[in-house]
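The file work_23.cif comes next; it holds mmCIF, C-alpha atoms and all ligand atoms.
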```
data_run
#
loop_
_atom_site.label_atom_id
_atom_site.label_comp_id
_atom_site.auth_asym_id
_atom_site.auth_seq_id
_atom_site.Cartn_x
_atom_site.Cartn_y
_atom_site.Cartn_z
CA MET A 10 0.00 0.00 0.00
CA THR A 11 1.37 3.46 -0.80
CA ALA A 12 1.61 5.99 2.02
CA GLU A 13 -0.85 8.90 2.00
CA SER A 14 1.55 11.30 3.68
CA ALA A 15 5.20 11.49 4.71
CA ARG A 16 7.28 13.79 6.80
CA ALA A 17 10.99 14.60 7.20
CA THR A 18 13.10 16.98 9.27
CA ALA A 19 16.39 18.36 7.97
CA PRO A 20 18.91 20.16 10.21
CA GLY A 21 20.42 23.54 9.41
CA ARG A 22 24.19 24.05 9.30
CA CYS A 23 26.79 26.40 10.62
CA THR A 24 30.24 26.99 9.19
CA LEU A 25 33.18 26.95 11.61
CA VAL A 26 35.79 28.19 9.13
CA GLY A 27 35.65 28.28 5.31
CA GLU A 28 33.10 30.92 4.32
CA HIS A 29 32.69 32.12 0.73
CA VAL A 30 35.11 29.54 -0.61
CA ASP A 31 32.78 26.67 -1.57
CA TYR A 32 32.27 28.20 -5.04
CA ALA A 33 36.02 28.76 -5.40
CA ASP A 34 37.42 25.21 -4.93
CA GLY A 35 38.02 25.87 -1.23
CA VAL A 36 37.81 23.84 1.99
CA VAL A 37 34.99 24.26 4.52
CA VAL A 38 34.71 23.01 8.10
CA CYS A 39 31.03 22.97 9.01
CA MET A 40 28.44 21.03 10.95
CA ALA A 41 24.72 20.32 11.01
CA VAL A 42 22.87 21.86 13.97
CA HIS A 43 19.85 20.93 16.05
CA LEU A 44 17.58 23.65 14.57
CA GLY A 45 15.73 22.40 11.52
CA ILE A 46 12.87 22.42 9.02
CA THR A 47 10.13 19.79 8.94
CA VAL A 48 8.17 19.16 5.75
CA THR A 49 4.99 17.08 5.55
CA LEU A 50 3.73 16.04 2.11
CA ASP A 51 0.17 14.75 1.54
CA ARG A 52 -1.19 13.17 -1.59
CA GLY A 53 -4.02 15.11 -3.18
CA GLY A 54 -3.15 18.67 -2.11
CA THR A 55 -4.48 21.50 -4.21
CA ALA A 56 -2.58 24.67 -3.18
CA PRO A 57 0.60 25.41 -5.19
CA PRO A 58 3.72 24.48 -3.17
CA PRO A 59 6.24 27.19 -2.15
CA PRO A 60 8.89 27.80 -4.88
CA LEU A 61 11.78 25.84 -3.28
CA VAL A 62 9.48 22.87 -2.57
CA ALA A 63 8.20 22.95 -6.16
CA ALA A 64 11.80 23.19 -7.44
CA THR A 65 12.81 20.14 -5.38
CA LEU A 66 9.85 18.08 -6.61
CA GLN A 67 10.75 19.11 -10.17
CA ALA A 68 14.40 18.05 -9.62
CA LEU A 69 13.21 14.65 -8.36
CA GLY A 70 10.86 14.39 -11.36
CA GLU A 71 13.84 14.97 -13.67
CA ARG A 72 15.41 11.89 -12.07
CA GLY A 73 12.34 9.81 -12.78
CA ILE A 74 10.84 10.12 -9.29
CA ALA A 75 7.45 11.49 -10.28
CA LEU A 76 4.99 12.56 -7.61
CA PRO A 77 1.33 13.51 -7.87
CA GLN A 78 -0.08 16.89 -6.81
CA LEU A 79 0.89 17.25 -3.13
CA GLY A 80 -0.23 19.21 -0.12
CA VAL A 81 2.70 20.76 1.75
CA ALA A 82 3.04 21.78 5.41
CA ILE A 83 6.24 23.36 6.75
CA GLU A 84 7.29 23.76 10.40
CA ALA A 85 10.57 25.41 11.38
CA THR A 86 12.77 25.82 14.42
CA LEU A 87 15.44 27.18 12.05
CA PRO A 88 14.86 30.84 11.14
CA ALA A 89 14.94 31.89 7.47
CA GLY A 90 17.67 34.30 6.32
CA ALA A 91 19.81 33.70 9.41
CA GLY A 92 22.83 32.26 7.60
CA LEU A 93 22.06 28.78 8.95
CA SER A 94 20.93 27.19 5.67
CA SER A 95 17.17 27.24 5.97
CA SER A 96 16.83 26.99 2.16
CA ALA A 97 18.98 23.88 1.84
CA ALA A 98 17.21 22.35 4.86
CA LEU A 99 13.84 23.02 3.21
CA CYS A 100 14.91 21.42 -0.09
CA CYS A 101 16.55 18.44 1.62
CA ALA A 102 13.58 17.82 3.95
CA THR A 103 11.20 18.03 0.97
CA ALA A 104 13.31 15.53 -0.99
CA VAL A 105 13.46 13.03 1.89
CA ALA A 106 9.70 13.31 2.56
CA ALA A 107 9.10 12.78 -1.18
CA LEU A 108 11.36 9.71 -1.22
CA ARG A 109 9.42 8.32 1.74
CA LEU A 110 6.11 8.98 0.01
CA SER A 111 7.21 7.28 -3.20
CA GLY A 112 9.07 4.42 -1.49
CA THR A 113 12.33 5.27 -3.31
CA ARG A 114 15.92 5.14 -1.98
CA LEU A 115 18.78 7.36 -3.20
CA PRO A 116 22.49 7.64 -2.40
CA ALA A 117 22.96 10.49 0.10
CA THR A 118 25.28 12.40 -2.23
CA GLU A 119 22.63 12.24 -4.97
CA LEU A 120 20.16 13.82 -2.58
CA CYS A 121 22.67 16.67 -2.15
CA ASP A 122 22.82 17.05 -5.93
CA VAL A 123 19.01 17.07 -6.24
CA ALA A 124 18.69 19.79 -3.57
CA LEU A 125 21.53 21.87 -5.08
CA HIS A 126 20.06 21.56 -8.59
CA ALA A 127 16.66 22.63 -7.24
CA GLU A 128 17.95 25.72 -5.43
CA ARG A 129 20.68 26.83 -7.85
CA ASP A 130 19.49 25.80 -11.32
CA ILE A 131 15.69 25.70 -10.98
CA ALA A 132 15.06 28.42 -8.37
CA GLY A 133 18.03 30.48 -9.67
CA VAL A 134 19.81 31.17 -6.34
CA PRO A 135 23.57 31.36 -7.13
CA CYS A 136 24.69 29.19 -4.17
CA GLY A 137 27.69 26.85 -3.99
CA PRO A 138 27.65 23.19 -2.85
CA LEU A 139 28.32 23.72 0.88
CA ASP A 140 24.88 23.90 2.46
CA GLN A 141 23.35 20.71 1.05
CA ARG A 142 26.51 18.71 1.81
CA ALA A 143 26.57 19.93 5.44
CA VAL A 144 22.85 19.27 5.95
CA VAL A 145 23.07 15.73 4.57
CA LEU A 146 26.59 14.46 5.24
CA SER A 147 27.59 15.88 8.66
CA PRO A 148 28.86 13.11 10.94
CA SER A 149 27.40 12.34 14.38
CA GLY A 150 29.07 14.34 17.14
CA GLY A 151 31.58 16.19 15.02
CA ALA A 152 32.28 18.53 12.15
CA LEU A 153 32.35 17.85 8.42
CA VAL A 154 35.44 18.80 6.42
CA LEU A 155 34.37 19.40 2.82
CA ASP A 156 36.96 19.85 0.09
CA CYS A 157 35.24 21.64 -2.79
CA GLY A 158 38.43 21.53 -4.86
CA ARG A 159 38.72 17.76 -4.65
CA ASP A 160 35.43 16.43 -5.98
CA LEU A 161 33.59 17.42 -2.78
CA GLU A 162 35.59 14.88 -0.78
CA THR A 163 34.46 14.70 2.87
CA SER A 164 35.98 13.66 6.19
CA ALA A 165 34.96 13.98 9.83
CA ALA A 166 36.64 15.98 12.60
CA PRO A 167 35.84 15.49 16.32
CA TRP A 168 34.11 18.21 18.33
CA PRO A 169 36.24 19.58 21.24
CA GLU A 170 34.81 18.30 24.51
CA GLY A 171 33.61 20.94 26.96
CA PHE A 172 33.00 23.61 24.28
CA ALA A 173 29.82 24.80 22.64
CA LEU A 174 28.71 27.22 19.95
CA ALA A 175 26.75 30.23 21.13
CA ALA A 176 24.75 31.81 18.30
CA CYS A 177 22.92 35.10 18.06
CA HIS A 178 20.77 36.24 15.11
CA THR A 179 21.35 39.96 14.60
CA GLY A 180 17.86 40.53 13.21
CA ASP A 181 19.10 41.67 9.80
CA THR A 182 18.23 38.92 7.33
CA HIS A 183 20.45 38.10 4.41
CA ASP A 184 19.65 37.01 0.87
CA VAL A 185 21.87 34.63 -1.10
CA GLY A 186 19.89 35.55 -4.23
CA GLY A 187 20.72 39.25 -3.66
CA ASP A 188 23.31 41.52 -5.31
CA GLY A 189 25.97 41.24 -2.57
CA TYR A 190 26.39 37.48 -2.92
CA ARG A 191 26.19 37.58 -6.74
CA SER A 192 28.82 40.34 -6.95
CA ARG A 193 31.22 38.44 -4.64
CA ARG A 194 30.97 35.41 -6.91
CA ALA A 195 31.62 37.57 -9.99
CA GLN A 196 34.59 39.25 -8.28
CA ALA A 197 36.04 35.84 -7.32
CA ASP A 198 35.81 34.73 -10.97
CA ALA A 199 37.36 38.02 -12.18
CA ALA A 200 40.26 37.72 -9.72
CA LEU A 201 40.96 34.15 -10.82
CA ARG A 202 41.04 35.27 -14.48
CA LEU A 203 43.49 38.07 -13.63
CA LEU A 204 45.68 35.61 -11.74
CA GLY A 205 45.69 33.42 -14.86
CA ALA A 206 45.00 30.31 -12.77
CA GLU A 207 42.57 27.43 -13.23
CA SER A 208 41.79 27.19 -9.53
CA PHE A 209 42.39 29.24 -6.36
CA ARG A 210 44.02 26.12 -4.92
CA THR A 211 47.08 26.61 -7.11
CA VAL A 212 47.36 30.35 -6.41
CA ASP A 213 49.98 31.56 -3.94
CA LEU A 214 49.69 34.60 -1.74
CA ASP A 215 52.56 36.50 -3.41
CA ALA A 216 50.67 36.42 -6.71
CA VAL A 217 47.57 37.70 -4.90
CA GLU A 218 49.48 40.55 -3.24
CA ALA A 219 50.87 41.54 -6.65
CA LEU A 220 47.39 42.10 -8.12
CA ALA A 221 47.06 45.74 -9.16
CA ASP A 222 43.30 46.01 -8.55
CA PRO A 223 42.90 46.61 -4.79
CA LEU A 224 39.34 45.28 -4.58
CA LEU A 225 40.08 42.04 -6.43
CA ARG A 226 43.30 41.70 -4.38
CA ARG A 227 41.27 41.78 -1.17
CA ARG A 228 38.70 39.30 -2.49
CA ALA A 229 41.41 36.86 -3.65
CA ARG A 230 43.30 37.27 -0.36
CA HIS A 231 40.21 36.17 1.57
CA ILE A 232 39.66 33.12 -0.63
CA VAL A 233 43.27 31.92 -0.47
CA THR A 234 43.78 32.55 3.27
CA GLU A 235 40.33 31.21 4.25
CA THR A 236 41.06 27.77 2.78
CA ARG A 237 44.39 27.75 4.63
CA ARG A 238 42.53 28.57 7.85
CA ALA A 239 39.94 25.84 7.17
CA LEU A 240 42.66 23.22 6.64
CA GLU A 241 44.34 24.37 9.84
CA CYS A 242 41.01 24.28 11.67
CA ALA A 243 40.44 20.66 10.59
CA GLY A 244 43.87 19.80 12.00
CA ALA A 245 43.21 21.69 15.25
CA LEU A 246 39.89 19.86 15.74
CA GLY A 247 41.71 16.57 15.18
CA ARG A 248 44.14 17.43 18.01
CA GLY A 249 41.38 18.76 20.28
CA ASP A 250 43.02 22.21 20.17
CA ALA A 251 39.93 24.33 20.83
CA ALA A 252 41.98 27.49 21.46
CA ARG A 253 43.41 27.33 17.92
CA VAL A 254 39.97 26.65 16.43
CA GLY A 255 38.67 29.78 18.19
CA ALA A 256 41.59 31.91 16.99
CA LEU A 257 40.98 30.73 13.41
CA MET A 258 37.27 31.59 13.70
CA SER A 259 38.15 35.15 14.76
CA ALA A 260 40.70 35.45 11.94
CA SER A 261 38.04 34.21 9.51
CA HIS A 262 35.68 36.92 10.71
CA ALA A 263 38.33 39.65 10.26
CA SER A 264 38.95 38.45 6.71
CA LEU A 265 35.22 38.37 5.87
CA ARG A 266 34.87 41.86 7.35
CA ASP A 267 37.95 43.55 5.87
CA ASP A 268 38.80 41.65 2.67
CA TYR A 269 35.51 40.11 1.53
CA GLU A 270 33.37 42.92 3.00
CA VAL A 271 30.30 40.78 3.73
CA SER A 272 29.89 41.57 7.44
CA THR A 273 27.62 44.25 8.93
CA PRO A 274 28.07 46.65 11.89
CA ALA A 275 25.64 44.49 13.93
CA LEU A 276 27.58 41.28 13.17
CA ASP A 277 30.88 43.02 14.03
CA ALA A 278 29.45 44.28 17.31
CA VAL A 279 28.09 40.85 18.30
CA VAL A 280 31.40 39.17 17.41
CA ALA A 281 33.40 41.75 19.43
CA ALA A 282 31.03 41.35 22.41
CA ALA A 283 31.46 37.57 22.34
CA GLU A 284 35.25 37.82 22.01
CA SER A 285 35.50 39.98 25.12
CA THR A 286 33.54 37.48 27.25
CA PRO A 287 35.55 35.20 29.56
CA GLY A 288 35.59 31.61 28.26
CA CYS A 289 35.08 32.63 24.61
CA LEU A 290 37.85 31.34 22.32
CA GLY A 291 36.76 33.08 19.11
CA ALA A 292 33.75 34.28 17.15
CA ARG A 293 32.59 35.05 13.63
CA MET A 294 29.69 35.71 11.32
CA CYS A 295 28.16 32.57 9.86
CA GLY A 296 26.88 31.97 6.32
CA ALA A 297 26.79 34.37 3.39
CA GLY A 298 26.77 37.51 5.57
CA PHE A 299 25.07 40.86 4.87
CA GLY A 300 23.13 40.08 8.06
CA GLY A 301 22.19 36.89 9.87
CA THR A 302 23.86 35.08 12.74
CA ALA A 303 27.16 35.35 14.60
CA ILE A 304 28.58 32.29 16.37
CA ALA A 305 31.10 32.01 19.19
CA LEU A 306 33.15 29.05 20.43
CA VAL A 307 32.81 29.10 24.18
CA ASP A 308 33.46 26.98 27.25
CA VAL A 309 30.06 25.39 28.06
CA MET A 310 30.26 26.82 31.59
CA ASP A 311 30.41 30.38 30.18
CA ALA A 312 27.91 29.94 27.34
CA GLY A 313 24.98 31.69 29.05
CA ARG A 314 27.06 34.78 29.79
CA CYS A 315 28.42 34.84 26.25
CA ILE A 316 24.93 34.68 24.70
CA ALA A 317 23.73 37.50 26.98
CA ALA A 318 26.74 39.65 25.99
CA MET A 319 26.06 39.02 22.28
CA GLN A 320 22.38 39.96 22.61
CA ALA A 321 23.10 43.04 24.73
CA VAL A 322 24.80 44.99 21.90
CA LEU A 323 21.99 44.69 19.37
CA PRO A 324 19.81 47.69 18.52
CA GLU A 325 16.69 45.47 18.46
CA PRO A 326 16.57 44.14 22.04
CA GLY A 327 17.87 40.56 22.01
CA GLY A 328 18.08 40.41 18.21
CA ARG A 329 16.05 37.76 16.43
CA GLY A 330 16.85 34.90 18.82
CA ALA A 331 19.88 33.22 20.32
CA TRP A 332 20.75 29.58 20.83
CA LEU A 333 23.36 27.20 22.11
CA LEU A 334 23.81 25.27 18.86
CA GLN A 335 23.97 21.50 19.35
CA PRO A 336 25.76 19.47 16.68
CA SER A 337 23.30 17.23 14.81
CA PRO A 338 23.98 14.27 12.58
CA GLY A 339 23.21 15.01 8.94
CA LEU A 340 20.17 13.64 7.09
CA ALA A 341 22.09 10.61 5.81
CA ALA A 342 22.31 9.39 9.42
CA LEU A 343 18.77 10.58 10.29
CA ALA A 344 17.02 9.01 7.30
CA PRO A 345 18.70 5.64 6.61
CA ASP A 346 15.31 4.31 5.41
CA VAL A 347 15.64 6.30 2.16
CA LEU A 348 19.27 7.48 1.99
CA ILE A 349 22.03 5.08 1.05
CA PRO A 350 25.36 6.03 2.73
C1 LIG B 1 25.51 30.59 1.32
C2 LIG B 1 25.61 29.72 0.09
C3 LIG B 1 26.77 28.73 0.23
C4 LIG B 1 28.07 29.44 0.62
C5 LIG B 1 27.84 30.36 1.80
C6 LIG B 1 29.06 31.20 2.11
O1 LIG B 1 25.14 29.82 2.42
O2 LIG B 1 24.41 29.01 -0.13
O3 LIG B 1 26.92 27.99 -0.96
O4 LIG B 1 28.62 30.11 -0.47
O5 LIG B 1 26.76 31.24 1.58
O6 LIG B 1 30.09 30.39 2.58
#
```
Would you mind writing the structure in this file as C-alpha cells?
Amino acid sequence: MTAESARATAPGRCTLVGEHVDYADGVVVCMAVHLGITVTLDRGGTAPPPPLVAATLQALGERGIALPQLGVAIEATLPAGAGLSSSAALCCATAVAALRLSGTRLPATELCDVALHAERDIAGVPCGPLDQRAVVLSPSGGALVLDCGRDLETSAAPWPEGFALAACHTGDTHDVGGDGYRSRRAQADAALRLLGAESFRTVDLDAVEALADPLLRRRARHIVTETRRALECAGALGRGDAARVGALMSASHASLRDDYEVSTPALDAVVAAAESTPGCLGARMCGAGFGGTAIALVDVMDAGRCIAAMQAVLPEPGGRGAWLLQPSPGLAALAPDVLIP
C-alpha cells in the first residue's frame, strides 16, 4: 500500500571556518545543527507548493521520481535568512519526505545534488555546494570537512569536549539571491582570471598581493587565506586544540569583514562582544553575511554569559533569537530508510 503522507526533518548548518570559498574550490569546516525544518507532504493537495518545494519536486521528477499533486506543510525551528541554511534544509527535507512517500531510496550524495540543482538551477539562487553537503553528510558528534576543490571529498573531525557554539541572530536577514552574494561570486571569478589560474588552490599569496586592482586583491586574499585557515582548523579539531579553532574563527571573521566585506556593523558588534567574554575562544559571522547570525566558540560553563553579551549589543533588544547550537547528525544518518550512505 502506498503511504498517503510522509514527513521529514532536515537540520540547518553552521560553518566553523571556510566561508565564501565553496564556489572557489576551497575547503569548509562545518556542521549540522539541532535547529531544523520539517516538511509534511500529503497526496491530493491543491494549493501550489512554495517555490523551493516545487523546485525540489521538479528536480526529483527529472530523475524519474514522479509525484502527484501534493499538499505541503512546513514547520521550522530554524529561522529563514539567518545564515544557517534554511533553504537547503527546506529542499533536503522536501526531498526526503518525497522519497518516503514514493518508497524510493537514493544515495545520500545524490540527494545533495538534487537539492543543489533545485535551489541553484531551478530556483536560480547562485549558491555553492556547501549547504546541502553539510545538511546531509555531517557526521554524528563532530564537524564535516568538505573539500570543494577535490570532488567534494568529505571527512569527519571530532568536536572539542567541553566547548559549545553560542549563536545570536542579529535581526538583519540576508539574501543569497541578492546583489551582494552575486557580486562576490563575480569578483572571485574576475580575480581568478586576472591571476591566470585554473583554480584558487594553485594560487599563492605573493601572486595575490601583486594584483594591481585593490578590490580584487582583497577578495582573492580572503579566498586563499580562508582555505588555509579551514585546513588548519580541521587539524586543530583533530588534536582537540579548541583554542586554535577559536583563533581561526576570529581570523576568519576579520577576513570576511575587511577583505571580503560581507559583514555588517551588527555582526561586528556581536562578534566583538562575544570575544571579550571570559571563556570565549573566538567568534565570527556565519553563512553568506550581509546580516544573519554570529557564532562564538565558548566553554560550556560560560555559554549563558556569552549569549547574553552578544544579545546586549543589538539595537533590536535581544536580536532575532539566540541559541546554544547543538551538533546534529546530517540527514544521511537521520534518514537511513531512504538514503544510502
Ligand atoms: C551561502 C551559500 C553557500 C556558501 C555560503 C558562504 O550559504 O548558499 O553555498 O557560499 O553562503 O560560505
Legend entry - Neighbour list for segment 303-315 of chain A as a PyMOL selection string, cut-off 9 Å, all atoms listed in the file, skip fewer than 5 positions in-chain: chain A and resi 23+25+92+171-179+251+254-255+258-259+276-277+279-280+282-296+320+333-334
Inset, instruction - Compute the set of protein, DNA and RNA residues whose minimum atom distance to ligand LIG 1 (chain B) is at most 7 Å, using all atoms listed in the file, and state it as a PyMOL selection string. - result: chain A and resi 27-32+92+94+136-140+185+296-297
Inset, instruction - In Å, rounded to a single decimal, give me how far atom CA of Arg202 of chain A is from atom CA of Val26 of chain A. - result: 25.2 Å
Inset, instruction - Rank nothing, just name the residue among A:Ala127, A:Leu69, A:Leu343, A:Ala19 nearest to Leu115 of chain A, using only C-alpha atoms. - result: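 The closest residue to Leu115 of chain A is A:Leu69.
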Inset, instruction - Would you list the contacts of Ile46 of chain A as a list of chain:residue names, taking every protein, DNA or RNA residue within 9 Å and counting only C-alpha atoms, but skipping same-chain residues closer than 5 positions in sequence? - result: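 Surrounding residues, per the criterion: A:Ala17, A:Thr18, A:Ala19, A:Pro20, A:Gly21, A:Ile83, A:Glu84, A:Ala85, A:Thr86, A:Leu87, A:Pro88, A:Ser95, A:Ala98, A:Leu99, A:Ala102.
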Inset, instruction - Find the residue from A:Cys101, A:Leu93, A:Leu203, A:Leu240 that sits nearest to Glu119 of chain A; use only C-alpha atoms when measuring. - result: A:Cys101
Inset, instruction - Considering all atoms listed in the file, state which residue in the set A:Val48, A:Val81, A:Leu108, A:Val271 is at the smallest distance from Asp346 of chain A. - result: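 Closest residue, counting all atoms listed in the file: A:Leu108.
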Could you work out an axis-aligned box for segment 229-243 of chain A, taking every atom the file lists and adding 4 Å on each side, and report centre and edge lengths in Å to one decimal, as JSON?
```
{"center_x": 42.0, "center_y": 29.0, "center_z": 4.0, "size_x": 12.7, "size_y": 24.6, "size_z": 23.3}
```
Legend entry - Between atom CA of Ala41 of chain A and atom CA of Thr65 of chain A - distance in Å to one decimal: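 If I compute the distance from atom CA of Thr65 of chain A to atom CA of Ala41 of chain A, I get 20.3 Å.
Residue nearest Arg238 of chain A, chosen from A:Ala281, A:Leu110, A:Val36, A:Leu161 and counting all atoms listed in the file: A:Val36.
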Inset, instruction - Compare A:Pro60, A:Gly54, A:Pro350, A:Gly301 by their minimum atom-to-atom distance to Gln78 of chain A, counting all atoms listed in the file, and give me the closest one. - result: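 The answer is A:Gly54, which sits nearest to Gln78 of chain A.
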Inset, instruction - Just the residues within 12 Å of Ile74 of chain A, please, counting all atoms listed in the file, with nothing from its chain fewer than 4 positions along; format it as a ChimeraX atom specification. - result: /A:65-70,104-105,107-115,123
Inset, instruction - Could you check how far atom CA of Asp51 of chain A sits from atom CA of Leu76 of chain A, in Å to one decimal? - result: 10.6 Å
Inset, instruction - With a distance cut-off of 10 Å and only C-alpha atoms, select the neighbouring residues of Asp250 of chain A, excluding the residue or stretch itself and same-chain residues fewer than 6 positions from it, and output the selection as a list in words. - result: Trp168, Pro169, Cys242 and Gly244 of chain A
Inset, instruction - For each of A:Val154, A:Ala91, A:Ala344, A:Leu265, take the minimum atom-to-atom distance to Arg329 of chain A, counting all atoms listed in the file, then give the residue where this is smallest. - result: A:Ala91
Inset, instruction - Tell me, as an MDAnalysis selection string, which residues lie within 12 Å of Thr211 of chain A, counting only C-alpha atoms; anything in the same chain fewer than 2 positions away does not count. - result: chainID A and resid 33:35 158 201 204:209 213:217 232:233 236
Using only C-alpha atoms, please write the residues we just selected to a file, as a PDB file, in the coordinates of the input.
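The result, written out as out.pdb:
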```pdb
ATOM      1  CA  ALA A  33      36.020  28.760  -5.400  1.00  0.00           C
ATOM      2  CA  ASP A  34      37.420  25.210  -4.930  1.00  0.00           C
ATOM      3  CA  GLY A  35      38.020  25.870  -1.230  1.00  0.00           C
ATOM      4  CA  GLY A 158      38.430  21.530  -4.860  1.00  0.00           C
ATOM      5  CA  LEU A 201      40.960  34.150 -10.820  1.00  0.00           C
ATOM      6  CA  LEU A 204      45.680  35.610 -11.740  1.00  0.00           C
ATOM      7  CA  GLY A 205      45.690  33.420 -14.860  1.00  0.00           C
ATOM      8  CA  ALA A 206      45.000  30.310 -12.770  1.00  0.00           C
ATOM      9  CA  GLU A 207      42.570  27.430 -13.230  1.00  0.00           C
ATOM     10  CA  SER A 208      41.790  27.190  -9.530  1.00  0.00           C
ATOM     11  CA  PHE A 209      42.390  29.240  -6.360  1.00  0.00           C
ATOM     12  CA  ASP A 213      49.980  31.560  -3.940  1.00  0.00           C
ATOM     13  CA  LEU A 214      49.690  34.600  -1.740  1.00  0.00           C
ATOM     14  CA  ASP A 215      52.560  36.500  -3.410  1.00  0.00           C
ATOM     15  CA  ALA A 216      50.670  36.420  -6.710  1.00  0.00           C
ATOM     16  CA  VAL A 217      47.570  37.700  -4.900  1.00  0.00           C
ATOM     17  CA  ILE A 232      39.660  33.120  -0.630  1.00  0.00           C
ATOM     18  CA  VAL A 233      43.270  31.920  -0.470  1.00  0.00           C
ATOM     19  CA  THR A 236      41.060  27.770   2.780  1.00  0.00           C
TER      20      THR A 236
END
```
